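Enquirer: Okay, so here is run00.txt, and as you'll see once you scroll down, it has compact mmCIF, C-alpha atoms.
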# COMPACT_ATOMS: atom_id res chain seq x y z
CA MET A 142 28.09 -15.62 -31.28
CA ASP A 143 28.04 -12.94 -28.59
CA LYS A 144 30.55 -13.23 -25.85
CA ILE A 145 30.69 -11.40 -22.58
CA PRO A 146 34.22 -10.09 -21.97
CA ILE A 147 35.98 -11.10 -18.78
CA LEU A 148 38.58 -8.53 -17.75
CA ARG A 149 41.46 -9.19 -15.46
CA MET A 150 42.23 -6.57 -12.82
CA GLY A 151 45.12 -7.59 -10.66
CA ARG A 152 43.95 -10.47 -8.56
CA PHE A 153 40.33 -10.01 -9.53
CA LEU A 154 38.21 -10.70 -12.56
CA LEU A 155 35.71 -8.08 -13.72
CA VAL A 156 32.63 -8.97 -15.74
CA THR A 157 30.20 -6.29 -16.87
CA ILE A 158 27.02 -7.54 -18.43
CA GLN A 159 25.91 -4.89 -20.91
CA VAL A 160 23.40 -6.85 -22.93
CA ASP A 161 20.31 -8.76 -21.96
CA LEU A 162 21.34 -12.26 -21.04
CA TYR A 163 19.78 -15.13 -22.88
CA ASP A 164 20.19 -18.69 -21.65
CA ARG A 165 22.96 -19.76 -24.04
CA LEU A 166 25.00 -16.63 -23.31
CA ALA A 167 24.61 -17.13 -19.58
CA LEU A 168 25.77 -20.74 -19.81
CA ASN A 169 28.80 -19.68 -21.88
CA LEU A 170 29.60 -16.98 -19.34
CA GLU A 171 29.47 -19.53 -16.56
CA SER A 172 31.92 -21.91 -18.21
CA ASP A 173 34.22 -19.14 -19.50
CA LEU A 174 34.38 -17.57 -16.07
CA VAL A 175 35.21 -20.80 -14.28
CA GLN A 176 37.92 -21.54 -16.85
CA MET A 177 39.31 -18.03 -16.38
CA VAL A 178 39.33 -18.29 -12.59
CA SER A 179 41.22 -21.50 -12.70
CA LYS A 180 43.65 -20.23 -15.37
CA THR A 181 44.49 -16.94 -13.67
CA GLY A 182 44.12 -18.09 -10.11
CA ALA A 183 42.05 -15.03 -9.34
CA ASN A 184 40.89 -14.47 -5.76
CA GLY A 185 37.79 -12.52 -6.56
CA VAL A 186 35.13 -12.18 -9.22
CA LEU A 187 33.13 -9.00 -9.62
CA ILE A 188 29.97 -9.16 -11.75
CA ASP A 189 28.31 -5.89 -12.66
CA ILE A 190 24.66 -6.36 -13.56
CA SER A 191 23.58 -2.72 -13.39
CA ALA A 192 22.49 -2.81 -17.04
CA LEU A 193 20.47 -5.96 -16.55
CA SER A 194 16.79 -5.15 -16.31
CA ILE A 195 15.20 -8.53 -16.89
CA VAL A 196 15.99 -11.61 -14.89
CA ASP A 197 14.37 -15.01 -14.59
CA SER A 198 14.88 -18.00 -12.34
CA PHE A 199 17.46 -19.43 -14.75
CA MET A 200 19.63 -16.30 -14.58
CA GLY A 201 19.28 -16.30 -10.83
CA ARG A 202 20.46 -19.87 -10.69
CA ILE A 203 23.40 -19.18 -13.02
CA LEU A 204 24.50 -16.30 -10.77
CA GLY A 205 24.24 -18.57 -7.75
CA ASN A 206 26.13 -21.30 -9.58
CA ILE A 207 28.95 -18.95 -10.54
CA GLY A 208 29.24 -17.99 -6.88
CA SER A 209 29.42 -21.57 -5.67
CA MET A 210 31.84 -22.66 -8.41
CA SER A 211 34.18 -19.75 -7.75
CA LYS A 212 34.03 -20.52 -4.06
CA ILE A 213 35.29 -24.05 -4.74
CA LEU A 214 38.12 -22.51 -6.78
CA ASP A 215 38.90 -20.21 -3.84
CA ALA A 216 37.53 -17.00 -5.27
CA GLU A 217 34.89 -14.75 -3.74
CA THR A 218 32.06 -13.51 -5.96
CA VAL A 219 30.50 -10.08 -5.64
CA VAL A 220 27.42 -9.10 -7.64
CA VAL A 221 27.09 -5.34 -7.91
CA GLY A 222 24.59 -2.77 -9.13
CA MET A 223 21.45 -4.84 -9.02
CA GLN A 224 18.33 -2.91 -10.08
CA PRO A 225 15.48 -2.73 -7.52
CA ALA A 226 13.11 -4.50 -9.91
CA VAL A 227 15.60 -7.31 -10.40
CA ALA A 228 16.09 -7.68 -6.65
CA ILE A 229 12.33 -7.86 -6.06
CA THR A 230 11.93 -10.42 -8.85
CA LEU A 231 14.67 -12.65 -7.44
CA ILE A 232 13.15 -12.51 -3.96
CA GLU A 233 9.70 -13.32 -5.32
CA LEU A 234 11.26 -16.27 -7.13
CA GLY A 235 12.72 -17.39 -3.84
CA LEU A 236 16.33 -16.96 -4.96
CA GLU A 237 18.38 -15.30 -2.27
CA LEU A 238 21.74 -15.86 -3.97
CA LYS A 239 23.32 -17.48 -0.96
CA GLY A 240 27.08 -17.61 -1.17
CA VAL A 241 27.26 -14.53 -3.35
CA HIS A 242 28.22 -11.17 -1.89
CA THR A 243 26.46 -8.06 -3.08
CA ALA A 244 27.40 -4.40 -3.24
CA LEU A 245 25.72 -1.23 -4.42
CA ASN A 246 28.20 -0.34 -7.16
CA VAL A 247 31.51 -1.40 -8.68
CA GLU A 248 33.49 0.85 -6.40
CA LYS A 249 31.95 -0.56 -3.24
CA GLY A 250 32.23 -4.06 -4.65
CA MET A 251 35.96 -3.61 -5.20
CA GLU A 252 36.34 -2.29 -1.67
CA LEU A 253 34.49 -5.30 -0.34
CA LEU A 254 36.65 -7.72 -2.31
CA GLN A 255 39.81 -6.03 -1.10
CA THR A 256 38.62 -6.22 2.49
CA LYS A 257 37.87 -9.88 1.99
CA MET A 258 41.36 -10.44 0.62
CA GLY A 259 42.78 -8.61 3.57
CA LEU A 260 44.64 -6.31 1.23
CA ILE A 261 43.78 -3.22 3.24
CA GLN A 262 46.46 -2.78 5.80
CA GLU A 263 45.43 -1.56 9.20
CA ASN A 264 47.36 1.70 8.85
CA GLU A 265 45.76 2.55 5.54
CA GLU A 266 42.28 2.42 6.95
CA GLY A 267 42.25 6.17 7.58
CA THR A 268 40.86 6.81 4.09
CA GLY A 269 37.59 5.06 4.70
CA ASP A 270 37.28 6.28 8.24
CA SER A 271 35.45 9.47 9.05
CA ARG A 272 34.54 10.95 12.34
CA VAL A 273 31.44 12.56 13.62
CA GLU A 274 31.97 15.30 16.12
CA MET B 162 -66.64 5.25 -6.75
CA LYS B 163 -63.17 4.11 -7.61
CA TYR B 164 -60.21 5.99 -6.30
CA ASP B 165 -57.01 6.36 -8.19
CA ALA B 166 -54.34 7.07 -5.62
CA SER B 167 -51.79 8.25 -8.15
CA LYS B 168 -54.22 10.77 -9.65
CA ILE B 169 -55.08 12.14 -6.24
CA LEU B 170 -51.46 12.51 -5.34
CA GLN B 171 -50.65 14.24 -8.60
CA ARG B 172 -53.44 16.69 -8.06
CA LYS B 173 -52.37 17.37 -4.53
CA LYS B 174 -48.73 17.79 -5.27
CA LYS B 175 -48.42 21.25 -3.85
CA SER B 176 -49.97 20.42 -0.53
CA ILE B 177 -47.89 17.25 -0.28
CA LEU B 178 -44.72 19.25 -0.70
CA GLU B 179 -45.87 21.70 1.94
CA GLU B 180 -46.74 18.87 4.27
CA TRP B 181 -43.46 17.14 3.65
CA MET B 182 -41.47 20.30 4.22
CA LYS B 183 -43.40 20.94 7.37
CA ASN B 184 -42.61 17.42 8.58
CA GLN B 185 -38.97 17.84 7.82
CA LEU B 186 -38.65 21.24 9.39
CA ALA B 187 -40.48 20.09 12.48
CA ASP B 188 -38.21 17.10 12.84
CA GLU B 189 -35.54 17.59 15.44
CA THR B 190 -32.94 15.78 13.36
CA LEU B 191 -33.03 18.59 10.79
CA ARG B 192 -29.47 19.54 9.94
CA GLU B 193 -29.51 23.19 9.07
CA ASP B 194 -25.76 23.28 9.55
CA LEU B 195 -25.22 20.86 6.65
CA MET B 196 -27.90 22.04 4.25
CA SER B 197 -29.95 25.23 4.03
CA ASN B 198 -33.73 25.06 4.01
CA GLU B 199 -33.88 26.45 0.47
CA ASP B 200 -31.63 23.69 -0.80
CA LEU B 201 -33.65 21.12 1.05
CA ARG B 202 -36.84 22.44 -0.45
CA GLU B 203 -35.42 22.41 -3.94
CA GLN B 204 -34.14 18.88 -3.50
CA SER B 205 -37.45 17.66 -2.12
CA ASN B 206 -39.36 19.38 -4.87
CA GLU B 207 -37.25 17.74 -7.56
CA LEU B 208 -37.71 14.30 -6.05
CA LEU B 209 -41.45 14.67 -5.53
CA ASP B 210 -41.90 16.11 -8.98
CA SER B 211 -40.19 13.19 -10.65
CA LEU B 212 -41.97 10.68 -8.45
CA LEU B 213 -45.44 12.05 -9.16
CA LYS B 214 -44.73 12.34 -12.85
CA THR B 215 -43.90 8.65 -13.17
CA ILE B 216 -46.38 7.21 -10.73
CA ASN B 217 -49.59 5.67 -12.19
CA GLU B 218 -52.12 3.00 -11.38
CA ASN B 219 -50.00 0.23 -12.87
CA ASN B 220 -46.57 0.83 -11.48
CA ILE B 221 -47.55 1.89 -7.97
CA ASN B 222 -47.34 -1.78 -7.03
CA ASN B 223 -43.88 -2.31 -8.39
CA GLY B 224 -41.00 -0.22 -7.07
CA ASP B 225 -38.51 -2.06 -9.27
CA SER B 226 -40.36 -1.03 -12.41
CA ALA B 227 -38.22 0.64 -15.05
CA ASP B 228 -40.55 3.64 -14.88
CA PHE B 229 -38.93 4.67 -11.64
CA GLU B 230 -35.41 4.76 -13.03
CA ASN B 231 -35.44 8.50 -12.96
CA VAL B 232 -36.64 8.64 -9.36
CA THR B 233 -34.06 6.10 -8.23
CA GLU B 234 -31.37 8.12 -9.92
CA ILE B 235 -32.37 11.30 -8.13
CA LEU B 236 -32.61 9.41 -4.85
CA SER B 237 -29.15 7.91 -5.32
CA GLY B 238 -27.74 11.33 -6.06
CA ILE B 239 -29.30 12.78 -2.92
CA SER B 240 -28.17 9.84 -0.85
CA ILE B 241 -24.55 9.86 -2.04
CA SER B 242 -24.25 13.61 -1.58
CA ARG B 243 -25.67 13.26 1.92
CA ALA B 244 -23.17 10.52 2.71
CA ARG B 245 -20.34 12.83 1.64
CA GLN B 246 -21.73 15.80 3.53
CA GLY B 247 -21.73 13.80 6.74
CA PHE B 248 -25.43 13.13 7.33
CA THR B 249 -26.06 10.14 9.54
CA PRO B 250 -27.83 7.10 8.08
CA LYS B 251 -30.80 7.84 10.34
CA GLU B 252 -31.21 11.36 9.00
CA THR B 253 -31.01 10.14 5.43
CA GLY B 254 -33.52 7.38 6.10
CA LEU B 255 -35.94 9.70 7.83
CA TYR B 256 -35.79 12.07 4.89
CA VAL B 257 -37.41 9.47 2.62
CA LEU B 258 -39.74 8.14 5.30
CA SER B 259 -41.05 11.61 6.07
CA LEU B 260 -42.20 11.76 2.46
CA LYS B 261 -44.29 8.69 3.14
CA ASP B 262 -46.00 10.42 6.03
CA ALA B 263 -46.88 13.37 3.86
CA LEU B 264 -48.25 11.17 1.08
CA LEU B 265 -50.30 9.05 3.45
CA GLN B 266 -51.76 12.07 5.19
CA THR B 267 -52.91 13.44 1.87
CA LEU B 268 -54.47 10.13 0.90
CA GLN B 269 -56.21 9.95 4.22
CA SER B 270 -57.85 13.31 3.90
CA GLU B 271 -58.85 12.64 0.30
CA ILE B 272 -60.31 9.14 0.71
CA LYS B 273 -62.20 9.71 3.92
CA ASP B 274 -65.38 7.89 3.06
CA ASN B 275 -63.97 4.60 1.83
CA PRO B 276 -61.77 2.80 4.39
CA GLU B 277 -61.19 -0.18 2.13
CA ALA B 278 -59.86 1.88 -0.77
CA LEU B 279 -57.78 3.92 1.65
CA TYR B 280 -56.27 0.78 3.08
CA HIS B 281 -55.37 -0.63 -0.34
CA SER B 282 -53.85 2.59 -1.62
CA SER B 283 -51.92 3.09 1.60
CA MET B 284 -50.50 -0.40 1.43
CA LYS B 285 -49.32 0.08 -2.13
CA LEU B 286 -47.79 3.43 -1.38
CA ASN B 287 -46.14 2.07 1.74
CA LYS B 288 -44.48 -0.66 -0.21
CA LEU B 289 -43.30 1.69 -2.89
CA ILE B 290 -41.73 4.16 -0.51
CA ASP B 291 -40.15 1.36 1.54
CA ASN B 292 -38.57 0.16 -1.64
CA PHE B 293 -37.18 3.63 -2.21
CA SER B 294 -35.77 3.88 1.26
CA VAL B 295 -33.94 0.59 0.82
CA THR B 296 -32.40 1.97 -2.37
CA THR B 297 -31.47 5.12 -0.50
CA PHE B 298 -29.75 3.13 2.17
CA GLU B 299 -27.82 1.07 -0.28
CA THR B 300 -26.48 4.08 -2.13
CA PHE B 301 -25.80 5.87 1.14
CA ILE B 302 -23.56 3.04 2.25
CA LYS B 303 -21.94 2.91 -1.16
CA GLY B 304 -21.16 6.60 -0.82
CA ARG B 305 -19.62 6.05 2.59
CA GLU B 306 -17.55 3.16 1.29
CA GLU B 307 -16.17 5.33 -1.48
CA VAL B 308 -15.03 7.81 1.13
CA ILE B 309 -13.33 5.04 3.13
CA LEU B 310 -11.63 3.65 0.04
CA ARG B 311 -10.27 7.05 -0.90
CA GLN B 312 -8.93 7.57 2.58
CA THR B 313 -7.23 4.17 2.54
CA ASP B 314 -5.46 5.08 -0.68
CA GLU B 315 -4.33 8.36 0.79
CA ILE B 316 -2.97 6.69 3.90
CA THR B 317 -0.99 4.20 1.83
CA GLU B 318 0.48 6.98 -0.22
CA ILE B 319 1.60 9.21 2.60
CA SER B 320 2.73 6.58 5.02
CA THR B 321 5.90 5.23 3.43
CA PRO B 322 8.51 7.96 3.59
CA VAL B 323 12.16 7.01 3.22
CA ILE B 324 14.29 9.28 5.40
CA ARG B 325 17.98 9.91 5.02
CA VAL B 326 19.13 10.02 8.61
CA TRP B 327 22.82 10.16 7.82
CA ASP B 328 25.14 10.01 4.90
CA GLY B 329 24.78 6.40 3.82
CA ILE B 330 22.03 5.51 6.29
CA LEU B 331 18.35 5.40 5.36
CA ALA B 332 15.46 4.96 7.78
CA LEU B 333 11.98 3.83 6.91
CA PRO B 334 9.42 4.05 9.70
CA ILE B 335 6.48 1.79 8.96
CA ILE B 336 3.21 2.87 10.53
CA GLY B 337 0.08 0.75 10.25
CA THR B 338 -0.48 -2.81 9.20
CA LEU B 339 1.77 -4.40 6.61
CA ASP B 340 -0.10 -6.24 3.89
CA SER B 341 1.15 -7.50 0.55
CA ALA B 342 0.28 -4.36 -1.39
CA ARG B 343 1.88 -2.14 1.21
CA THR B 344 5.03 -4.25 1.41
CA GLN B 345 5.40 -3.92 -2.33
CA VAL B 346 5.23 -0.11 -2.08
CA VAL B 347 7.59 -0.05 0.90
CA MET B 348 10.08 -2.34 -0.81
CA GLU B 349 10.06 -0.43 -4.08
CA ASN B 350 10.46 2.94 -2.35
CA LEU B 351 13.27 1.68 -0.18
CA LEU B 352 15.21 -0.03 -2.97
CA GLN B 353 14.82 2.97 -5.26
CA GLU B 354 16.07 5.29 -2.55
CA ILE B 355 19.04 2.99 -1.91
CA VAL B 356 20.02 3.26 -5.57
CA THR B 357 19.57 7.04 -5.81
CA SER B 358 21.31 7.87 -2.55
CA GLY B 359 23.91 5.10 -2.71
CA SER B 360 23.27 4.25 0.92
CA GLY B 361 24.76 1.10 2.34
CA ILE B 362 22.52 0.72 5.37
CA ALA B 363 18.74 0.78 5.69
CA ILE B 364 16.88 0.79 9.00
CA LEU B 365 13.34 -0.56 8.95
CA ASP B 366 11.53 0.73 12.01
CA ILE B 367 8.43 -1.28 12.85
CA SER B 368 7.46 0.39 16.13
CA GLY B 369 4.32 1.66 14.40
CA VAL B 370 3.21 -1.78 13.25
CA PRO B 371 0.43 -2.89 15.58
CA ALA B 372 0.88 -6.63 15.19
CA VAL B 373 3.25 -9.02 13.51
CA ASP B 374 1.92 -12.34 12.28
CA SER B 375 3.65 -14.89 10.12
CA LEU B 376 2.57 -13.10 6.94
CA VAL B 377 3.92 -9.75 8.06
CA ALA B 378 7.15 -11.43 9.14
CA GLN B 379 7.37 -13.05 5.72
CA HIS B 380 7.02 -9.61 4.12
CA LEU B 381 9.71 -8.18 6.37
CA ILE B 382 12.10 -11.03 5.55
CA LYS B 383 11.46 -10.45 1.84
CA THR B 384 12.27 -6.77 2.15
CA VAL B 385 15.47 -7.50 4.04
CA SER B 386 16.55 -10.12 1.50
CA ALA B 387 15.89 -7.78 -1.42
CA THR B 388 17.92 -5.06 0.27
CA ARG B 389 20.78 -7.52 0.73
CA LEU B 390 20.64 -8.51 -2.92
CA MET B 391 21.08 -4.84 -3.79
CA GLY B 392 24.22 -4.84 -1.71
CA ALA B 393 22.98 -2.92 1.30
CA GLU B 394 22.56 -4.02 4.89
CA CYS B 395 19.10 -3.91 6.42
CA ILE B 396 18.41 -3.54 10.14
CA ILE B 397 14.98 -4.02 11.68
CA SER B 398 14.34 -1.86 14.71
CA GLY B 399 11.52 -0.91 17.02
CA ILE B 400 10.55 -4.42 18.02
CA ARG B 401 8.26 -4.23 21.01
CA PRO B 402 8.27 -6.97 23.65
CA GLU B 403 4.85 -8.22 22.60
CA ILE B 404 6.02 -8.53 19.02
CA ALA B 405 9.13 -10.43 20.12
CA GLN B 406 6.85 -12.80 22.02
CA THR B 407 4.55 -13.40 19.06
CA VAL B 408 7.45 -13.93 16.69
CA VAL B 409 8.98 -16.59 18.91
CA HIS B 410 5.63 -18.24 19.62
CA LEU B 411 4.89 -18.43 15.91
CA GLY B 412 8.28 -20.03 15.36
CA ILE B 413 9.47 -17.41 12.89
CA ASP B 414 13.20 -17.49 12.35
CA LEU B 415 14.65 -13.99 12.36
CA SER B 416 18.13 -15.13 13.33
CA ASN B 417 19.79 -14.11 10.08
CA ILE B 418 18.32 -10.62 10.26
CA ILE B 419 19.89 -7.90 12.34
CA THR B 420 17.27 -6.74 14.83
CA LYS B 421 17.52 -3.92 17.35
CA ALA B 422 15.09 -2.84 20.03
CA SER B 423 15.02 0.85 19.21
CA LEU B 424 15.83 3.15 16.34
CA ALA B 425 18.58 4.67 18.49
CA SER B 426 20.38 1.39 18.94
CA ALA B 427 19.96 0.58 15.26
CA LEU B 428 21.52 3.93 14.38
CA ARG B 429 24.34 3.30 16.82
CA TYR B 430 24.96 -0.07 15.19
CA ALA B 431 24.90 1.56 11.75
CA PHE B 432 27.53 4.05 12.90
CA THR B 433 29.73 1.19 14.03
CA LEU B 434 29.38 -0.46 10.62
CA LEU B 435 30.43 2.77 8.93
CA HIS B 436 33.30 3.29 11.40
CA LEU B 437 31.71 6.46 12.67
CA GLU B 438 31.96 7.71 16.20
CA VAL B 439 29.65 10.06 18.05
CA ARG B 440 31.07 11.90 21.01
CA LYS B 441 30.59 15.03 23.04
CA VAL B 442 32.58 18.03 21.92
CA GLY B 443 35.18 19.06 24.41
CA SER B 444 34.98 16.04 26.65
CA LYS B 445 38.21 14.20 27.01
CA ASP B 446 36.90 10.72 27.51
CA LYS B 447 35.29 9.19 24.46
CA THR B 448 31.75 8.00 24.74
CA SER B 449 31.70 4.43 23.69
CA ILE B 450 29.58 3.58 20.71
Could the structure of this file be written out as structure tokens, please?

Expert:
Amino acid sequence: MDKIPILRMGRFLLVTIQVDLYDRLALNLESDLVQMVSKTGANGVLIDISALSIVDSFMGRILGNIGSMSKILDAETVVVGMQPAVAITLIELGLELKGVHTALNVEKGMELLQTKMGLIQENEEGTGDSRVE
Amino acid sequence: MKYDASKILQRKKKSILEEWMKNQLADETLREDLMSNEDLREQSNELLDSLLKTINENNINNGDSADFENVTEILSGISISRARQGFTPKETGLYVLSLKDALLQTLQSEIKDNPEALYHSSMKLNKLIDNFSVTTFETFIKGREEVILRQTDEITEISTPVIRVWDGILALPIIGTLDSARTQVVMENLLQEIVTSGSGIAILDISGVPAVDSLVAQHLIKTVSATRLMGAECIISGIRPEIAQTVVHLGIDLSNIITKASLASALRYAFTLLHLEVRKVGSKDKTSI
């Protein structure tokens, strides 16, 4: 049975979906992830779906579910790297993934999670700050 | 003595052509700027030739007869090419009707002594040519419609540019009405550009959209939601007062969408989101963003 690896990165969990999700796999991922969040006490979950090219209403719901479940367990969920076609499909299906944050790529997703956790100290902000003259 | 109109016409072909050409050249709607007289003559000759070849006592009554397929084809060709060249419908119509004049004149001079036969032949011929002019009109309009369709396609293609206004900020000015097909193109272009440029903010400028109804608003909301799913922020700008009025009157909820009055204020807001600051060089006091 295939299993999608859940990696731990500090206070966050990182999931990269590299294969096409079928229903069973998605359900397993959902339960594994919730278990993992509760076990590690993670504050954030980052799901990378950049390799996912096909999505249906079930997948959309699973993603939404993961977001809501993590929220109850006090962890923010960020979905990153969504393909344009996938985004259009989800919108046409009427799934707006409320309660899930989104970011363009893993890097930006991490940044977002860290901001949410308040890990960025005020004096360190200079790195992300640029000026236009 | 029995008269066979088709035989007479066939015999008199040359003089009919001359008559017809004379009619056309005398007509003040003649468009020498669009078509030279030689071309016109050649075209007329071809049409008349094919008409007189097919015409006989039996089919002169019936313009829909399969015998006239060839004639109709030539007529359609002429009509479509005239539509493309920019002839007016009137000019195209008169072209066929002037043929009728020429044919009737010939009949008249040939069947002088028998008014009854002249009347019958004229009626038949009248009907036939009228039938042809209806066909001409139909194909003329078809030709025009093709032109319109092609132009519509072209407009759709050129009117959805995604502009990179700043590092990380995209702008998409929408000009013209937003329908479902167009929204699809706009959305796909925008999302694709977001992926390739890695931009975090997209500004949708709708100052060129003439009217916003509930369907257009629905399309806009869809585009914004899709952009959000991708992980980018979408700002709608260029909302004119009339559009704001319609949106509120229609009861459309745009409260969870960031809207700005002008592209400038949307850009300013985008700068704030990116922690950017625009200020005059050399001036001590900072211009507030």

Enquirer: Taking into account all atoms listed in the file, which residue in the set A:Met258, A:Ala167, A:Leu236, A:Met177 is nearest to chain B?

Expert: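 The shortest atom-to-atom distance to chain B comes from A:Leu236.
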
Enquirer: Which residues come within 9 Å of B:Ser176, counting all atoms listed in the file, excluding same-chain residues fewer than 5 positions away, as a list in words?

Expert: Trp181, Ala263 and Thr267 of chain B

Enquirer: Distance cut-off 9 Å, counting only C-alpha atoms - which residues of chain A neighbour chain B? Return them as a ChimeraX atom specification.

Expert: /A:220-233,237-238,241-246,249-250,269-274

Enquirer: Which residue, A:Ile158, A:Ala216, A:Ala192, A:Leu174, has the smallest gap to A:Gly240 when you use only C-alpha atoms?

Expert: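 Ranked by minimum distance to A:Gly240, first place goes to A:Ala216.
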
Enquirer: Give me, as a list in words, all polymer residues having an atom no more than 12 Å from B:Leu186, counting all atoms listed in the file and skipping those fewer than 4 positions away in the same chain.

Expert: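 Everything that qualifies: Leu178, Glu179, Glu180, Trp181, Met182, Thr190, Leu191, Arg192, Glu193, Met196, Ser197, Asn198, Glu199, Leu201, Arg202, Leu255, Tyr256 and Ser259 of chain B.
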